[in-house]
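J.: What follows is the file data_38.cif, containing mmCIF, N, CA and C atoms:
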data_structure
loop_
_atom_site.label_atom_id
_atom_site.label_comp_id
_atom_site.auth_asym_id
_atom_site.auth_seq_id
_atom_site.Cartn_x
_atom_site.Cartn_y
_atom_site.Cartn_z
N THR T 1 154.71 -25.51 170.28
CA THR T 1 153.29 -25.74 170.10
C THR T 1 152.57 -24.41 169.99
N VAL T 2 151.39 -24.46 169.42
CA VAL T 2 150.53 -23.28 169.32
C VAL T 2 149.15 -23.69 169.83
N ASP T 3 148.58 -22.91 170.74
CA ASP T 3 147.25 -23.24 171.22
C ASP T 3 146.19 -22.44 170.46
N SER T 4 144.94 -22.65 170.80
CA SER T 4 143.84 -22.01 170.08
C SER T 4 143.80 -20.50 170.30
N ALA T 5 144.42 -20.02 171.36
CA ALA T 5 144.47 -18.57 171.61
C ALA T 5 145.61 -17.89 170.86
N GLY T 6 146.45 -18.68 170.18
CA GLY T 6 147.54 -18.12 169.40
C GLY T 6 148.83 -17.93 170.17
N VAL T 7 148.96 -18.59 171.32
CA VAL T 7 150.18 -18.50 172.10
C VAL T 7 151.14 -19.61 171.64
N VAL T 8 152.34 -19.20 171.21
CA VAL T 8 153.36 -20.15 170.77
C VAL T 8 154.27 -20.43 171.96
N ARG T 9 154.48 -21.72 172.23
CA ARG T 9 155.31 -22.12 173.36
C ARG T 9 156.46 -23.00 172.89
N GLN T 10 157.59 -22.91 173.59
CA GLN T 10 158.78 -23.70 173.30
C GLN T 10 159.07 -24.56 174.52
N CYS T 11 159.41 -25.82 174.29
CA CYS T 11 159.80 -26.71 175.37
C CYS T 11 161.24 -26.39 175.78
N VAL T 12 161.41 -26.05 177.04
CA VAL T 12 162.73 -25.67 177.55
C VAL T 12 163.24 -26.81 178.42
N ARG T 13 164.24 -27.52 177.90
CA ARG T 13 164.79 -28.68 178.62
C ARG T 13 165.54 -28.26 179.87
N SER T 14 166.23 -27.14 179.81
CA SER T 14 167.05 -26.71 180.94
C SER T 14 166.20 -26.27 182.13
N ALA T 15 164.92 -26.04 181.91
CA ALA T 15 164.01 -25.65 182.99
C ALA T 15 163.09 -26.80 183.36
N GLY T 16 163.56 -28.02 183.18
CA GLY T 16 162.77 -29.19 183.57
C GLY T 16 161.67 -29.53 182.60
N LEU T 17 161.90 -29.35 181.31
CA LEU T 17 160.93 -29.63 180.25
C LEU T 17 159.62 -28.88 180.43
N THR T 18 159.72 -27.61 180.75
CA THR T 18 158.53 -26.77 180.86
C THR T 18 158.29 -26.06 179.53
N TRP T 19 157.05 -25.68 179.30
CA TRP T 19 156.68 -24.98 178.07
C TRP T 19 156.64 -23.48 178.36
N MET T 20 157.51 -22.74 177.69
CA MET T 20 157.63 -21.30 177.90
C MET T 20 157.02 -20.56 176.72
N PRO T 21 156.11 -19.59 176.98
CA PRO T 21 155.56 -18.80 175.88
C PRO T 21 156.63 -17.91 175.26
N ILE T 22 156.70 -17.95 173.92
CA ILE T 22 157.70 -17.13 173.22
C ILE T 22 157.07 -16.10 172.29
N LEU T 23 155.76 -16.23 172.04
CA LEU T 23 155.07 -15.26 171.17
C LEU T 23 153.57 -15.40 171.37
N HIS T 24 152.88 -14.28 171.36
CA HIS T 24 151.43 -14.28 171.38
C HIS T 24 150.97 -13.73 170.03
N CYS T 25 150.51 -14.62 169.16
CA CYS T 25 150.18 -14.24 167.77
C CYS T 25 149.04 -13.23 167.69
N ALA T 26 148.20 -13.16 168.71
CA ALA T 26 147.08 -12.23 168.67
C ALA T 26 147.56 -10.78 168.59
N SER T 27 148.74 -10.51 169.13
CA SER T 27 149.26 -9.14 169.07
C SER T 27 149.69 -8.76 167.66
N ALA T 28 149.89 -9.75 166.79
CA ALA T 28 150.30 -9.48 165.41
C ALA T 28 149.12 -9.47 164.44
N LYS T 29 147.94 -9.79 164.93
CA LYS T 29 146.75 -9.81 164.07
C LYS T 29 146.35 -8.39 163.68
N LYS T 30 145.89 -8.27 162.45
CA LYS T 30 145.38 -6.97 161.99
C LYS T 30 143.86 -6.92 162.07
N SER T 31 143.21 -8.10 162.10
CA SER T 31 141.76 -8.17 162.28
C SER T 31 141.43 -9.45 163.04
N LYS T 32 140.22 -9.52 163.55
CA LYS T 32 139.81 -10.70 164.32
C LYS T 32 139.62 -11.92 163.44
N ALA T 33 139.41 -11.71 162.15
CA ALA T 33 139.10 -12.81 161.24
C ALA T 33 140.32 -13.47 160.63
N GLU T 34 141.49 -13.24 161.18
CA GLU T 34 142.68 -13.88 160.63
C GLU T 34 143.41 -14.65 161.73
N HIS T 35 144.16 -15.65 161.30
CA HIS T 35 145.01 -16.39 162.23
C HIS T 35 146.27 -16.82 161.51
N HIS T 36 147.25 -17.27 162.29
CA HIS T 36 148.55 -17.64 161.74
C HIS T 36 148.73 -19.15 161.77
N TRP T 37 149.07 -19.72 160.61
CA TRP T 37 149.36 -21.14 160.48
C TRP T 37 150.87 -21.29 160.59
N VAL T 38 151.32 -21.87 161.69
CA VAL T 38 152.76 -21.95 161.97
C VAL T 38 153.41 -23.00 161.09
N VAL T 39 154.52 -22.60 160.45
CA VAL T 39 155.28 -23.48 159.58
C VAL T 39 156.60 -23.87 160.23
N GLY T 40 157.27 -22.92 160.87
CA GLY T 40 158.56 -23.20 161.48
C GLY T 40 159.00 -22.09 162.39
N LEU T 41 160.17 -22.31 162.97
CA LEU T 41 160.72 -21.36 163.92
C LEU T 41 162.22 -21.24 163.69
N THR T 42 162.70 -20.01 163.60
CA THR T 42 164.14 -19.79 163.52
C THR T 42 164.58 -19.24 164.87
N GLY T 43 165.80 -18.81 164.96
CA GLY T 43 166.29 -18.29 166.23
C GLY T 43 165.58 -17.04 166.70
N ALA T 44 165.10 -16.22 165.78
CA ALA T 44 164.50 -14.94 166.17
C ALA T 44 163.14 -14.69 165.53
N GLN T 45 162.64 -15.63 164.70
CA GLN T 45 161.38 -15.38 163.99
C GLN T 45 160.50 -16.62 163.96
N LEU T 46 159.21 -16.38 163.92
CA LEU T 46 158.23 -17.43 163.70
C LEU T 46 157.81 -17.35 162.24
N MET T 47 157.99 -18.43 161.52
CA MET T 47 157.60 -18.47 160.11
C MET T 47 156.18 -19.03 160.04
N CYS T 48 155.27 -18.30 159.41
CA CYS T 48 153.88 -18.72 159.37
C CYS T 48 153.21 -18.24 158.08
N ILE T 49 152.00 -18.75 157.88
CA ILE T 49 151.18 -18.34 156.75
C ILE T 49 149.95 -17.66 157.34
N LEU T 50 149.63 -16.50 156.83
CA LEU T 50 148.49 -15.74 157.31
C LEU T 50 147.23 -16.27 156.64
N CYS T 51 146.28 -16.76 157.45
CA CYS T 51 144.99 -17.24 156.94
C CYS T 51 143.94 -16.19 157.26
N LYS T 52 143.22 -15.76 156.24
CA LYS T 52 142.22 -14.70 156.42
C LYS T 52 140.82 -15.28 156.33
N GLY T 53 139.90 -14.57 156.95
CA GLY T 53 138.50 -14.99 156.91
C GLY T 53 138.25 -16.23 157.74
N ASP T 54 137.32 -17.06 157.24
CA ASP T 54 136.95 -18.27 157.96
C ASP T 54 137.82 -19.48 157.61
N ASP T 55 138.87 -19.27 156.83
CA ASP T 55 139.74 -20.38 156.44
C ASP T 55 140.50 -20.91 157.65
N LYS T 56 140.32 -22.20 157.93
CA LYS T 56 141.05 -22.81 159.04
C LYS T 56 142.44 -23.24 158.61
N TYR T 57 142.60 -23.51 157.31
CA TYR T 57 143.87 -23.98 156.77
C TYR T 57 144.30 -23.05 155.64
N PRO T 58 145.60 -22.95 155.40
CA PRO T 58 146.07 -22.09 154.31
C PRO T 58 145.75 -22.70 152.95
N ALA T 59 145.53 -21.85 151.97
CA ALA T 59 145.28 -22.32 150.60
C ALA T 59 146.56 -22.90 150.03
N THR T 60 146.42 -23.91 149.18
CA THR T 60 147.61 -24.51 148.55
C THR T 60 147.88 -23.94 147.17
N LEU T 61 146.83 -23.42 146.52
CA LEU T 61 146.98 -22.77 145.22
C LEU T 61 146.30 -21.42 145.27
N PRO T 62 146.92 -20.37 144.93
CA PRO T 62 148.34 -20.23 144.64
C PRO T 62 149.17 -20.52 145.89
N ARG T 63 150.43 -20.77 145.65
CA ARG T 63 151.33 -21.13 146.74
C ARG T 63 151.31 -20.03 147.81
N PRO T 64 151.10 -20.42 149.08
CA PRO T 64 151.00 -19.40 150.13
C PRO T 64 152.34 -18.69 150.39
N VAL T 65 152.23 -17.48 150.85
CA VAL T 65 153.40 -16.66 151.13
C VAL T 65 153.74 -16.78 152.61
N LEU T 66 155.01 -17.06 152.90
CA LEU T 66 155.45 -17.14 154.29
C LEU T 66 155.59 -15.74 154.87
N THR T 67 155.18 -15.61 156.11
CA THR T 67 155.31 -14.37 156.85
C THR T 67 156.23 -14.62 158.03
N ALA T 68 157.13 -13.70 158.30
CA ALA T 68 158.04 -13.83 159.44
C ALA T 68 157.59 -12.87 160.54
N LEU T 69 157.27 -13.43 161.70
CA LEU T 69 156.91 -12.62 162.86
C LEU T 69 158.08 -12.64 163.83
N PRO T 70 158.53 -11.49 164.28
CA PRO T 70 159.63 -11.48 165.26
C PRO T 70 159.14 -12.04 166.59
N LEU T 71 159.98 -12.86 167.21
CA LEU T 71 159.61 -13.43 168.50
C LEU T 71 159.62 -12.32 169.55
N ALA T 72 158.55 -12.24 170.30
CA ALA T 72 158.42 -11.25 171.37
C ALA T 72 157.76 -11.96 172.54
N MET T 73 158.56 -12.33 173.51
CA MET T 73 158.06 -13.07 174.64
C MET T 73 157.03 -12.25 175.41
N PRO T 74 155.83 -12.81 175.59
CA PRO T 74 154.83 -12.06 176.36
C PRO T 74 155.22 -12.02 177.84
N LEU T 75 155.19 -10.83 178.42
CA LEU T 75 155.53 -10.67 179.83
C LEU T 75 154.25 -10.48 180.64
N ALA T 76 154.27 -10.96 181.86
CA ALA T 76 153.07 -10.92 182.71
C ALA T 76 152.79 -9.53 183.24
N CYS T 77 153.80 -8.71 183.40
CA CYS T 77 153.58 -7.37 183.94
C CYS T 77 154.19 -6.33 183.02
N SER T 78 153.76 -5.12 183.21
CA SER T 78 154.30 -4.03 182.39
C SER T 78 155.30 -3.21 183.21
N GLU T 79 155.91 -3.81 184.21
CA GLU T 79 156.87 -3.13 185.07
C GLU T 79 158.10 -2.63 184.34
N PRO T 80 158.75 -3.45 183.50
CA PRO T 80 159.95 -2.91 182.85
C PRO T 80 159.61 -1.75 181.92
N ALA T 81 160.49 -0.76 181.92
CA ALA T 81 160.29 0.39 181.04
C ALA T 81 160.41 -0.03 179.59
N GLU T 82 161.23 -1.01 179.32
CA GLU T 82 161.45 -1.51 177.96
C GLU T 82 161.12 -3.01 177.93
N PRO T 83 159.85 -3.38 177.71
CA PRO T 83 159.50 -4.80 177.72
C PRO T 83 160.20 -5.61 176.63
N GLN T 84 160.54 -4.98 175.51
CA GLN T 84 161.25 -5.71 174.46
C GLN T 84 162.66 -6.09 174.91
N LEU T 85 163.32 -5.17 175.61
CA LEU T 85 164.66 -5.48 176.13
C LEU T 85 164.59 -6.60 177.17
N GLU T 86 163.59 -6.55 178.03
CA GLU T 86 163.44 -7.59 179.05
C GLU T 86 163.16 -8.95 178.40
N ALA T 87 162.31 -8.97 177.38
CA ALA T 87 162.02 -10.22 176.67
C ALA T 87 163.26 -10.75 175.97
N GLN T 88 164.06 -9.87 175.39
CA GLN T 88 165.31 -10.30 174.74
C GLN T 88 166.28 -10.86 175.76
N ARG T 89 166.34 -10.25 176.94
CA ARG T 89 167.23 -10.72 177.99
C ARG T 89 166.83 -12.11 178.47
N ILE T 90 165.55 -12.32 178.69
CA ILE T 90 165.06 -13.63 179.12
C ILE T 90 165.32 -14.68 178.05
N ALA T 91 165.06 -14.33 176.80
CA ALA T 91 165.30 -15.27 175.70
C ALA T 91 166.79 -15.63 175.60
N ALA T 92 167.67 -14.66 175.79
CA ALA T 92 169.11 -14.93 175.73
C ALA T 92 169.54 -15.82 176.90
N MET T 93 168.94 -15.62 178.07
CA MET T 93 169.26 -16.47 179.21
C MET T 93 168.82 -17.91 178.97
N VAL T 94 167.65 -18.08 178.38
CA VAL T 94 167.16 -19.43 178.05
C VAL T 94 168.06 -20.06 177.00
N GLU T 95 168.46 -19.27 175.99
CA GLU T 95 169.36 -19.79 174.96
C GLU T 95 170.69 -20.24 175.55
N LEU T 96 171.23 -19.48 176.49
CA LEU T 96 172.48 -19.85 177.14
C LEU T 96 172.32 -21.15 177.92
N ASP T 97 171.24 -21.27 178.69
CA ASP T 97 171.00 -22.51 179.44
C ASP T 97 170.85 -23.71 178.53
N GLU T 98 170.10 -23.54 177.44
CA GLU T 98 169.91 -24.63 176.49
C GLU T 98 171.22 -25.01 175.81
N TYR T 99 172.04 -24.01 175.47
CA TYR T 99 173.32 -24.29 174.83
C TYR T 99 174.24 -25.06 175.77
N ARG T 100 174.29 -24.64 177.02
CA ARG T 100 175.13 -25.33 178.00
C ARG T 100 174.67 -26.78 178.18
N LEU T 101 173.37 -27.01 178.24
CA LEU T 101 172.85 -28.36 178.39
C LEU T 101 173.19 -29.22 177.18
N ALA T 102 173.00 -28.67 175.97
CA ALA T 102 173.31 -29.41 174.75
C ALA T 102 174.81 -29.71 174.65
N ALA T 103 175.65 -28.76 175.06
CA ALA T 103 177.10 -28.97 175.01
C ALA T 103 177.52 -30.05 176.00
N THR T 104 176.91 -30.07 177.17
CA THR T 104 177.22 -31.09 178.16
C THR T 104 176.81 -32.46 177.66
N GLU T 105 175.61 -32.54 177.06
CA GLU T 105 175.13 -33.82 176.52
C GLU T 105 176.01 -34.31 175.37
N ALA T 106 176.56 -33.39 174.60
CA ALA T 106 177.41 -33.77 173.47
C ALA T 106 178.84 -34.08 173.91
N GLY T 107 179.14 -33.84 175.18
CA GLY T 107 180.47 -34.12 175.69
C GLY T 107 181.50 -33.08 175.31
N LEU T 108 181.07 -31.87 175.00
CA LEU T 108 182.00 -30.81 174.63
C LEU T 108 182.59 -30.17 175.88
N GLY T 109 183.84 -29.83 175.81
CA GLY T 109 184.51 -29.18 176.93
C GLY T 109 184.37 -27.68 176.86
N GLU T 110 184.93 -27.02 177.86
CA GLU T 110 184.84 -25.56 177.91
C GLU T 110 185.62 -24.90 176.78
N GLU T 111 186.66 -25.55 176.30
CA GLU T 111 187.44 -24.95 175.21
C GLU T 111 186.62 -24.81 173.95
N GLU T 112 185.80 -25.83 173.65
CA GLU T 112 185.00 -25.80 172.42
C GLU T 112 183.82 -24.83 172.52
N THR T 113 183.32 -24.61 173.73
CA THR T 113 182.11 -23.82 173.89
C THR T 113 182.37 -22.40 174.41
N ALA T 114 183.60 -22.09 174.72
CA ALA T 114 183.92 -20.81 175.37
C ALA T 114 183.50 -19.60 174.53
N GLU T 115 183.78 -19.64 173.23
CA GLU T 115 183.49 -18.48 172.38
C GLU T 115 181.99 -18.18 172.31
N HIS T 116 181.19 -19.23 172.05
CA HIS T 116 179.74 -19.02 171.95
C HIS T 116 179.14 -18.64 173.31
N THR T 117 179.62 -19.28 174.36
CA THR T 117 179.14 -18.95 175.71
C THR T 117 179.46 -17.50 176.05
N MET T 118 180.67 -17.06 175.73
CA MET T 118 181.05 -15.68 176.02
C MET T 118 180.20 -14.69 175.23
N ARG T 119 179.87 -15.03 173.99
CA ARG T 119 179.02 -14.17 173.17
C ARG T 119 177.63 -14.02 173.81
N LEU T 120 177.08 -15.13 174.29
CA LEU T 120 175.76 -15.07 174.91
C LEU T 120 175.79 -14.32 176.24
N VAL T 121 176.82 -14.55 177.04
CA VAL T 121 176.94 -13.85 178.32
C VAL T 121 177.11 -12.35 178.09
N THR T 122 177.88 -11.97 177.08
CA THR T 122 178.06 -10.56 176.75
C THR T 122 176.74 -9.93 176.31
N LYS T 123 175.96 -10.67 175.54
CA LYS T 123 174.64 -10.17 175.11
C LYS T 123 173.72 -9.96 176.31
N ILE T 124 173.71 -10.92 177.23
CA ILE T 124 172.88 -10.80 178.42
C ILE T 124 173.31 -9.60 179.25
N ASP T 125 174.62 -9.44 179.46
CA ASP T 125 175.12 -8.30 180.23
C ASP T 125 174.78 -6.98 179.57
N SER T 126 174.90 -6.92 178.25
CA SER T 126 174.59 -5.69 177.52
C SER T 126 173.12 -5.32 177.68
N LEU T 127 172.24 -6.32 177.57
CA LEU T 127 170.81 -6.05 177.74
C LEU T 127 170.49 -5.63 179.17
N ALA T 128 171.15 -6.25 180.14
CA ALA T 128 170.93 -5.86 181.54
C ALA T 128 171.37 -4.42 181.78
N LEU T 129 172.50 -4.03 181.22
CA LEU T 129 172.96 -2.64 181.37
C LEU T 129 172.00 -1.65 180.72
N LYS T 130 171.46 -2.02 179.57
CA LYS T 130 170.47 -1.14 178.92
C LYS T 130 169.22 -1.01 179.77
N LEU T 131 168.81 -2.11 180.41
CA LEU T 131 167.64 -2.06 181.28
C LEU T 131 167.91 -1.18 182.50
N PHE T 132 169.12 -1.29 183.08
CA PHE T 132 169.48 -0.42 184.21
C PHE T 132 169.47 1.03 183.79
N GLN T 133 169.96 1.30 182.60
CA GLN T 133 170.02 2.67 182.10
C GLN T 133 168.62 3.25 181.94
N THR T 134 167.71 2.47 181.35
CA THR T 134 166.34 2.99 181.18
C THR T 134 165.62 3.11 182.51
N ALA T 135 165.94 2.23 183.47
CA ALA T 135 165.31 2.33 184.80
C ALA T 135 165.77 3.58 185.53
N ASN T 136 167.02 3.98 185.32
CA ASN T 136 167.54 5.18 185.97
C ASN T 136 167.01 6.46 185.36
N LYS T 137 166.56 6.40 184.11
CA LYS T 137 166.01 7.59 183.46
C LYS T 137 164.64 7.95 184.01
N THR T 138 163.91 6.95 184.47
CA THR T 138 162.54 7.20 184.95
C THR T 138 162.50 7.51 186.41
#
Kindly return the structure encoded in the file as C-alpha coordinates.
T.:
Amino acid sequence: TVDSAGVVRQCVRSAGLTWMPILHCASAKKSKAEHHWVVGLTGAQLMCILCKGDDKYPATLPRPVLTALPLAMPLACSEPAEPQLEAQRIAAMVELDEYRLAATEAGLGEEETAEHTMRLVTKIDSLALKLFQTANKT
(Lines of atoms letter the chains of each structure in order from A and count residues from 1; the text may use other names and numbers.)
(Lines give C-alpha, C1' and ligand atoms only; values in the text may rest on other atoms or scores of the structure.)
Protein backbone atom coordinates (compact mmCIF):
# COMPACT_ATOMS: atom_id res chain seq x y z
CA THR A 1 0.00 0.00 0.00
CA VAL A 2 0.96 3.63 -0.39
CA ASP A 3 -0.34 6.35 1.90
CA SER A 4 -0.78 10.06 1.21
CA ALA A 5 2.65 10.83 2.69
CA GLY A 6 4.30 8.55 0.12
CA VAL A 7 5.23 5.71 2.46
CA VAL A 8 5.08 2.32 0.72
CA ARG A 9 4.28 -0.59 3.02
CA GLN A 10 4.37 -4.36 2.51
CA CYS A 11 2.20 -6.84 4.40
CA VAL A 12 4.52 -9.25 6.20
CA ARG A 13 2.77 -12.53 6.97
CA SER A 14 5.62 -13.96 9.02
CA ALA A 15 5.34 -11.02 11.45
CA GLY A 16 1.65 -11.54 12.14
CA LEU A 17 0.29 -9.71 9.06
CA THR A 18 1.85 -6.39 10.00
CA TRP A 19 2.52 -3.62 7.49
CA MET A 20 6.23 -2.83 7.24
CA PRO A 21 7.48 0.34 5.53
CA ILE A 22 9.80 -0.51 2.64
CA LEU A 23 10.24 2.89 0.96
CA HIS A 24 9.54 6.55 1.64
CA CYS A 25 8.87 8.10 -1.78
CA ALA A 26 9.36 11.64 -0.48
CA SER A 27 13.10 11.00 -0.32
CA ALA A 28 13.09 10.37 -4.09
CA LYS A 29 11.18 13.54 -4.97
CA LYS A 30 13.04 16.25 -6.83
CA SER A 31 10.39 18.91 -6.10
CA LYS A 32 7.36 19.30 -3.86
CA ALA A 33 5.01 19.37 -6.85
CA GLU A 34 5.59 15.78 -7.92
CA HIS A 35 4.43 12.41 -6.66
CA HIS A 36 4.83 8.77 -7.60
CA TRP A 37 1.98 6.66 -9.00
CA VAL A 38 2.81 3.10 -7.95
CA VAL A 39 2.43 0.46 -10.66
CA GLY A 40 4.19 -2.56 -9.19
CA LEU A 41 6.90 -3.96 -7.01
CA THR A 42 9.79 -6.26 -7.81
CA GLY A 43 12.20 -7.85 -5.39
CA ALA A 44 14.42 -4.78 -5.18
CA GLN A 45 12.57 -1.93 -6.96
CA LEU A 46 9.34 0.00 -6.87
CA MET A 47 7.97 0.54 -10.37
CA CYS A 48 6.08 3.83 -10.64
CA ILE A 49 5.13 6.71 -12.89
CA LEU A 50 6.31 10.18 -11.97
CA CYS A 51 3.42 12.68 -11.91
CA LYS A 52 4.46 16.33 -12.05
CA GLY A 53 2.60 19.45 -11.10
CA ASP A 54 -0.98 19.27 -9.90
CA ASP A 55 -1.72 16.04 -11.79
CA LYS A 56 -3.22 13.50 -9.40
CA TYR A 57 -3.13 10.74 -12.02
CA PRO A 58 -0.59 9.90 -14.71
CA ALA A 59 -1.30 10.94 -18.29
CA THR A 60 -2.34 8.15 -20.65
CA LEU A 61 -1.20 9.86 -23.85
CA PRO A 62 1.65 9.84 -24.57
CA ARG A 63 2.24 6.53 -22.87
CA PRO A 64 3.81 7.18 -19.45
CA VAL A 65 7.36 6.13 -18.73
CA LEU A 66 7.97 3.72 -15.86
CA THR A 67 10.51 4.76 -13.26
CA ALA A 68 12.30 2.26 -11.03
CA LEU A 69 13.04 3.39 -7.49
CA PRO A 70 15.36 1.19 -5.43
CA LEU A 71 13.75 -0.03 -2.23
CA ALA A 72 15.31 1.65 0.78
CA MET A 73 13.67 0.78 4.06
CA PRO A 74 13.24 3.90 6.18
CA LEU A 75 14.95 3.48 9.55
CA ALA A 76 13.78 5.22 12.71
CA CYS A 77 17.24 6.18 13.91
CA SER A 78 20.49 7.19 12.33
CA GLU A 79 22.54 4.98 14.67
CA PRO A 80 23.99 2.59 12.08
CA ALA A 81 27.02 3.95 10.28
CA GLU A 82 25.68 2.45 7.06
CA PRO A 83 21.86 2.77 7.03
CA GLN A 84 21.67 1.20 3.56
CA LEU A 85 23.43 -1.94 4.79
CA GLU A 86 21.14 -2.12 7.81
CA ALA A 87 18.05 -1.73 5.61
CA GLN A 88 19.33 -4.47 3.28
CA ARG A 89 19.93 -6.75 6.25
CA ILE A 90 16.43 -6.23 7.62
CA ALA A 91 14.91 -6.76 4.17
CA ALA A 92 16.87 -10.00 3.73
CA MET A 93 15.71 -11.23 7.14
CA VAL A 94 12.09 -10.52 6.22
CA GLU A 95 12.58 -12.27 2.87
CA LEU A 96 13.99 -15.33 4.64
CA ASP A 97 11.06 -15.45 7.08
CA GLU A 98 8.54 -15.06 4.26
CA TYR A 99 10.27 -17.76 2.19
CA ARG A 100 10.26 -20.20 5.10
CA LEU A 101 6.56 -19.54 5.73
CA ALA A 102 5.66 -19.99 2.05
CA ALA A 103 7.72 -23.20 1.84
CA THR A 104 6.01 -24.61 4.93
CA GLU A 105 2.57 -23.76 3.53
CA ALA A 106 3.48 -25.40 0.22
CA GLY A 107 4.60 -28.54 2.04
CA LEU A 108 8.19 -28.33 0.82
CA GLY A 109 10.86 -30.12 2.81
CA GLU A 110 14.30 -28.94 3.79
CA GLU A 111 15.86 -30.67 0.79
CA GLU A 112 13.91 -28.53 -1.68
CA THR A 113 14.49 -25.27 0.17
CA ALA A 114 18.05 -25.73 1.44
CA GLU A 115 19.82 -23.97 -1.45
CA HIS A 116 17.68 -20.82 -1.41
CA THR A 117 17.65 -20.70 2.40
CA MET A 118 21.44 -21.00 2.51
CA ARG A 119 21.78 -18.19 -0.05
CA LEU A 120 19.62 -15.89 2.08
CA VAL A 121 21.39 -16.81 5.32
CA THR A 122 24.76 -16.18 3.66
CA LYS A 123 23.54 -12.76 2.47
CA ILE A 124 22.35 -11.86 5.97
CA ASP A 125 25.66 -12.98 7.51
CA SER A 126 27.65 -11.03 4.92
CA LEU A 127 25.69 -7.85 5.61
CA ALA A 128 26.07 -8.33 9.37
CA LEU A 129 29.85 -8.70 8.98
CA LYS A 130 30.00 -5.53 6.88
CA LEU A 131 28.04 -3.69 9.57
CA PHE A 132 30.45 -4.96 12.26
CA GLN A 133 33.37 -3.84 10.14
CA THR A 134 32.00 -0.31 9.69
CA ALA A 135 31.12 -0.11 13.40
CA ASN A 136 34.71 -0.98 14.31
CA LYS A 137 36.10 1.74 12.05
CA THR A 138 34.30 4.48 13.95
J.: Go through chain T and collect every residue that DSSP, computed from the backbone, puts in strand (DSSP E or B); the answer should be as a PyMOL selection string.
T.: chain T and resi 2+7-12+18-24+34-41+45-52+66-70
J.: Taking the file as I've supplied it (selection: the PyMOL selection byres ((chain T and resi 48) around 6.5)), which residues are included? Please answer as a list in words.
T.: His36, Trp37, Val38, Val39, Gly40, Leu46, Met47, Ile49, Leu50, Val65, Leu66, Thr67, Ala68 and Leu69 of chain T
J.: To one decimal in Å, tell me the separation between atom CA of Ala5 of chain T and atom CA of Asp97 of chain T.
T.: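 Between these atoms lies a distance of 27.9 Å.
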J.: Mind the document's chain letters and residue numbers, and return as a PyMOL selection string the residues of chain T that DSSP labels helix (DSSP H, G or I).
T.: chain T and resi 13-15+25-28+83-105+110-137
J.: Return the single residue from T:His35, T:Pro62, T:Arg13, T:Val2 that is closest to Leu101 of chain T, with distances computed using all atoms listed in the file.
T.: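 Closest residue, counting all atoms listed in the file: T:Arg13.
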J.: Could you tell me how far atom CA of Pro21 of chain T sits from atom CA of Val7 of chain T, in Å to one decimal place?
T.: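 Computed distance, atom CA of Val7 of chain T to atom CA of Pro21 of chain T, equals 6.6 Å.
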J.: Provide the atom C of Lys123 of chain T to atom N of Ile22 of chain T distance in Å, to one decimal place.
T.: 19.0 Å
J.: Taking every listed atom of segment 80-92 of chain T and adding 3 Å to each side, what centre and edge lengths in Å (one decimal) does the axis-aligned box have, as JSON?
T.:
{"center_x": 164.1, "center_y": -7.7, "center_z": 179.0, "size_x": 16.8, "size_y": 22.2, "size_z": 15.0}
J.: List, as a PyMOL selection string, every residue that the PyMOL selection byres ((chain T and resi 33) around 7) selects in the file provided.
T.: chain T and resi 30-32+34-35+51-54
J.: Using only C-alpha atoms for the distances, tell me which of T:Lys56, T:His24, T:Lys29, T:Arg100 is nearest to His116 of chain T.
T.: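 Ranking T:Lys56, T:His24, T:Lys29, T:Arg100 by distance to His116 of chain T, first place goes to T:Arg100.
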J.: Give me the result of the PyMOL selection byres (((chain T and resi 87 and name CA) around 9) and name CA) on this file, residue by residue, as a ChimeraX atom specification.
T.: /T:22,72-75,82-86,88-92
J.: Return the single residue from T:Thr1, T:Pro58, T:Ser14, T:Gly43 that is closest to Ala102 of chain T, with distances computed using only N, CA and C atoms.
T.: T:Ser14
J.: Here is a test: counting only N, CA and C atoms, which residue of T:Glu115, T:Leu120, T:Leu108, T:Arg9 is nearest to Met93 of chain T?
T.: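 Result for the nearest residue to Met93 of chain T: T:Leu120.
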